[in-house]
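The block underneath contains the structure these notes are about, expressed in structure tokens.
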Amino acid sequence: MSKHVLIIGAGVVGAATAHHCLQAGLKVTLLDPGEPGQSHAASFGNAGWLSSHSILPPAYPGVWKQIPKWLLDPQGPLTVRLRYLPKALPWLKDYLASAWTYQQLKDTSVALRALLRDAPNLHKQIALAIGAGDLISAQELLHTYPKESDYVADARAWKLRQEAGVTWTTYSNNKLHELEPRLSPRYQFGVLVHDTGYCINPSAYVQAIVNNALKLGGHLIKASAKTLNYRNNFITSVSTDQGDIECDAIVIAAGARAKELARQAGDDVPLATERGYHYVVQVPNGGPNHPTMFMDRKVVVTPMETGIRIAGQVEIAGLDDVPNWQRAEILRQHLATLYPDLAKHIANDQISVWLGRRPSLPDGLPCIGFSSRGPSVIHAYGHGHVGLAGSARTGRVVSQLLTNTRPDIDLKPYSAQRFLA
């Protein structure tokens with residue numbers, strides 16, 4: 001009889017894990033309170049990047065000098081709810097400390113590169129296997145700067161990417177605008193990163209993975225996990241708001257809501273929520289040819305199946321605090337200046353906005369691996385800004401742990417026990 005694995009969370013990490021576990025011959029049940037691929041999940045509204053080069057955490061040496069300027073800028077990349085600030089301070093302190101030195105940044109880049117390497121190919125393999133190959137595009141990803149000197153100022157970051165095997169081509173002035181003719185003339189330098197890609201519809205992709213899992217014999221239960229039940233340190237069942245579910249092992253892939261479950265698994269992890277908004281204009285043109293990140297504004301604009309999406313920036317607030325839709329309006333303002341022609345096409349009946357909750361750990365690395373309570377509980381959450389890109393390999397290594405197979409990569413950097421010290 002095959003091992004029954006209960007995967008808590010049917011976002012993109014949980015869905016990818018279910019896919020790989022079923023391929024490995026395991027019995028799989030997905031547990032999620034909502035419909036897979038819908039707006040309650042962080043994977044619904046992300047920028048779609050399969051960025052194998054996103055190997056640097058949001059923090060970096062000296063970033064603390066930028067924070068006051070960002071907070072004072074109404075359109076800046078970071079905002080903090082004042083009433084939440086006292087609760088957020090310990091996490092923010094660890095966030096800054098984790099990238100205080102260049103060596104720390106380098107160590108993190110090595111770990112993230114191992115997780116993200118070949119992300120477009122890994123996702124293409126999943127998409128082809130489930131009959132949704134058209135959802136993964138091989139279009140390369142572009143970073144833009146106002147001036148070449150801004151790129152030069154980022155030399156240390158690009159050097160770390162180069163050392164990790166990332167390659168790219170630079171474009172300046174007219175060459176950049178030949179590549180992106182609708183781009184604002186403010187931007188005069190670009191970096192087109194190779195061996196990258198993107199998902200044209202993350203919501204449809206997650207739905208397709210889950211639907212295929214159900215066709216292969218997997219199950220989906222719409223309920224919320226409450227309590228992990230053990231016998232002799234081995235999981236026996238999970239209590240939910242719809243009753244108990246018996247299982248032989250569980251995977252905690254609950255994203256921003258994983259903290260309490262992790263605690264019940266013996267690991268106190270400093271999981272927090274980096275809230276992010278997106279704004280979508282449902283028009284077929286006027287935006288970029290390539291998914292594009294604007295390095296000075298910390299936003300990404302992606303041409304998607306559902307329209308042109310701008311996403312990014314960070315709001316530090318409580319998990320269930322009410323949305324501040326002014327943050328989405330700020331994204332609209334950015335979009336209108338980044339692609340001036342696009343502003344002419346924006347009508348109220350062609351826009352949609354969304355708030356998501358990135359599950360983030362202060363050192364920029366996810367938790368992947370066995371829990372302190374033993375091998376019957378596995379962590380798979382906390383991917384922050386690289387949840388979509390990192391989900392394919394995460395799902396694969398989790399299935400390898402569950403089948404006593406040596407994982408593709410060394411999981412020590414992602415251990416939940418790293419926070420014990």
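We label chains A, B, ... in the order they appear in the structure tokens, count residues from 1 in each chain, and number ligands from 1 in the order shown.
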
- [ ] List every residue of range 169-335 of chain A that DSSP, applied to the backbone of this structure, assigns to strand (DSSP E or B), and report them as JSON, numbers by chain.
- [x] {"A": [169, 170, 171, 172, 189, 190, 191, 192, 193, 197, 198, 199, 219, 220, 221, 225, 226, 227, 228, 229, 230, 231, 234, 235, 236, 237, 238, 239, 240, 241, 243, 244, 245, 246, 249, 250, 251, 252, 272, 273, 274, 275, 276, 277, 278, 279, 280, 281, 292, 293, 294, 299, 300, 301, 302, 303, 304, 307, 308, 309, 310, 311, 312, 313, 314, 315, 316]}

- prompt: Leaving out Val300 in chain A and any residue of its chain fewer than 2 positions from it, which residues lie within 7 Å of it when counting only C-alpha atoms, given as JSON, numbers by chain?
  reply: {"A": [47, 292, 293, 294, 298, 302, 310, 311, 312]}

Considering only C-alpha atoms, tabulate each residue of range 4-91 of chain A that lies at most 7 Å from range 379-389 of chain A along with its nearest interatomic pair and the corresponding distance in Å to one decimal; arrange the rows by chain and ascending residue number and present them as JSON lines.
```
{"residue": "A:Val12", "atom": "CA", "partner": "A:Leu388", "partner_atom": "CA", "distance": 6.4}
{"residue": "A:Ser43", "atom": "CA", "partner": "A:Leu388", "partner_atom": "CA", "distance": 6.6}
{"residue": "A:Trp49", "atom": "CA", "partner": "A:Ala389", "partner_atom": "CA", "distance": 6.6}
{"residue": "A:Leu50", "atom": "CA", "partner": "A:Ala389", "partner_atom": "CA", "distance": 4.5}
{"residue": "A:Ser51", "atom": "CA", "partner": "A:Ala389", "partner_atom": "CA", "distance": 6.0}
```

Export of the given selection (C-alpha atoms) as a PDB file, in the first residue's frame:
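Contents of part13.pdb, freshly written:
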```pdb
ATOM      1  CA  VAL A  12       1.665  26.636  -6.666  1.00  0.00           C
ATOM      2  CA  SER A  43       0.332  32.389  -6.658  1.00  0.00           C
ATOM      3  CA  TRP A  49       8.452  35.351 -13.579  1.00  0.00           C
ATOM      4  CA  LEU A  50      10.360  32.082 -13.862  1.00  0.00           C
ATOM      5  CA  SER A  51      13.503  33.917 -12.917  1.00  0.00           C
TER       6      SER A  51
END
```

Nearest residue to Glu178 in chain A out of A:Ala99, A:Arg161, A:Pro288, A:Pro90, using only C-alpha atoms?
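Closest to Glu178 in chain A of all the choices is A:Pro288.
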
Range 225-300 of chain A near range 401-404 of chain A within 12 Å: what's each residue's closest atom pair and its distance in Å to one decimal, counting only C-alpha atoms, ordered by chain then ascending residue number, as JSON lines?
```
{"residue": "A:Asp248", "atom": "CA", "partner": "A:Leu402", "partner_atom": "CA", "distance": 10.2}
{"residue": "A:Ala249", "atom": "CA", "partner": "A:Leu402", "partner_atom": "CA", "distance": 8.1}
{"residue": "A:Ile250", "atom": "CA", "partner": "A:Leu402", "partner_atom": "CA", "distance": 9.5}
{"residue": "A:Val251", "atom": "CA", "partner": "A:Leu402", "partner_atom": "CA", "distance": 9.5}
```

Deliver the residues from the most recent selection as a file, using C-alpha atoms, as a short mmCIF file (atom, residue, chain, number, x, y, z; two decimals), in the first residue's frame.
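result-v9.cif written:
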```cif
data_model
loop_
_atom_site.label_atom_id
_atom_site.label_comp_id
_atom_site.auth_asym_id
_atom_site.auth_seq_id
_atom_site.Cartn_x
_atom_site.Cartn_y
_atom_site.Cartn_z
CA ASP A 248 1.11 8.80 6.83
CA ALA A 249 2.94 12.07 6.18
CA ILE A 250 2.15 15.72 5.66
CA VAL A 251 3.69 18.55 3.68
#
```

| Backbone-only DSSP, helix (DSSP H, G or I) members of range 110-327 of chain A, as a VMD selection string | chain A and resid 110 to 116 119 to 129 133 to 135 148 to 153 155 to 163 174 to 179 202 to 215 255 to 257 259 to 264 326 to 327

### Message
At a cut-off of 9 Å, using only C-alpha atoms, what residues contact Ile252 in chain A? Leave out same-chain residues fewer than 6 positions from it and give the result as a ChimeraX atom specification.
### Response
/A:6-9,14,258,261-262,377-381

Among A:Pro77, A:Pro61, A:Gly37, A:Pro181, Arg275 in chain A is approached most closely, using only C-alpha atoms, by A:Pro77

- [ ] Name all residues at most 12 Å from Gly25 in chain A (count only C-alpha atoms; drop same-chain ones fewer than 2 positions away) and give them as a list in words.
- [x]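 Near Gly25 in chain A, the qualifying residues are Met1, Ser2, Lys3, His4, Val5, Ala18, His19, His20, Cys21, Leu22, Gln23, Lys27, Val28, Ala213, Leu216, Gly217, Gly218, Ser399, Gln400, Leu402 and Thr403 of chain A.
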
- In terms of the shortest atom-to-atom distance over only C-alpha atoms, which of A:Val80, A:Ile67, A:Ile136, A:Leu72 is closest to Ala317 in chain A?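 Of the candidates, the smallest distance to Ala317 in chain A is held by A:Val80.
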
Q | Who sits within 10 Å of Leu135 in chain A, only C-alpha atoms, same chain under 3 positions skipped, as a ChimeraX atom specification | A | /A:123-124,127-128,131-132,198-202,204-205,208,304-305

Based on the selection just made, write C-alpha atoms of those residues as an mmCIF file, in the first residue's frame.
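Writing the result to result25.cif gives the following:
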```
data_model
loop_
_atom_site.group_PDB
_atom_site.id
_atom_site.type_symbol
_atom_site.label_atom_id
_atom_site.label_comp_id
_atom_site.auth_asym_id
_atom_site.auth_seq_id
_atom_site.Cartn_x
_atom_site.Cartn_y
_atom_site.Cartn_z
ATOM 1 C CA HIS A 123 7.974 24.271 -15.241
ATOM 2 C CA LYS A 124 7.802 23.499 -18.942
ATOM 3 C CA ALA A 127 3.116 22.077 -18.096
ATOM 4 C CA LEU A 128 3.685 19.626 -20.953
ATOM 5 C CA GLY A 131 -1.377 19.326 -21.249
ATOM 6 C CA ALA A 132 -0.836 23.036 -20.540
ATOM 7 C CA TYR A 198 7.430 33.333 -17.486
ATOM 8 C CA CYS A 199 3.977 31.944 -16.880
ATOM 9 C CA ILE A 200 1.321 33.741 -18.927
ATOM 10 C CA ASN A 201 -1.466 32.880 -16.457
ATOM 11 C CA PRO A 202 -0.415 31.687 -12.980
ATOM 12 C CA ALA A 204 -4.800 28.863 -14.822
ATOM 13 C CA TYR A 205 -1.472 27.064 -14.335
ATOM 14 C CA ALA A 208 -4.360 22.883 -14.450
ATOM 15 C CA MET A 304 -0.171 38.106 -19.580
ATOM 16 C CA GLU A 305 -3.064 36.160 -21.011
#
```

ask   = Which residue gives the smallest distance to Ala256 in chain A among A:His40, A:Ala392, A:Val152, A:Tyr277, with only C-alpha atoms counted?
value =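 Checking each of A:His40, A:Ala392, A:Val152, A:Tyr277 against Ala256 in chain A, counting only C-alpha atoms, the winner is A:His40.
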
- request: Tell me, as a ChimeraX atom specification, which residues lie within 9 Å of Leu342 in chain A, counting only C-alpha atoms; anything in the same chain fewer than 5 positions away does not count.
  value: /A:182,281,283,285-287,335-337

Pick out the closest residue to Ile330 in chain A from this set: A:Pro120, A:Asp410, A:Gly165, A:Gln75. Count only C-alpha atoms.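 Once distances to Ile330 in chain A are computed over only C-alpha atoms, the minimum belongs to A:Gln75.
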
Using only C-alpha atoms, the residue out of A:Cys247, A:Leu56, A:Asn212, A:Leu78 with shortest distance to Asn229 in chain A is A:Cys247
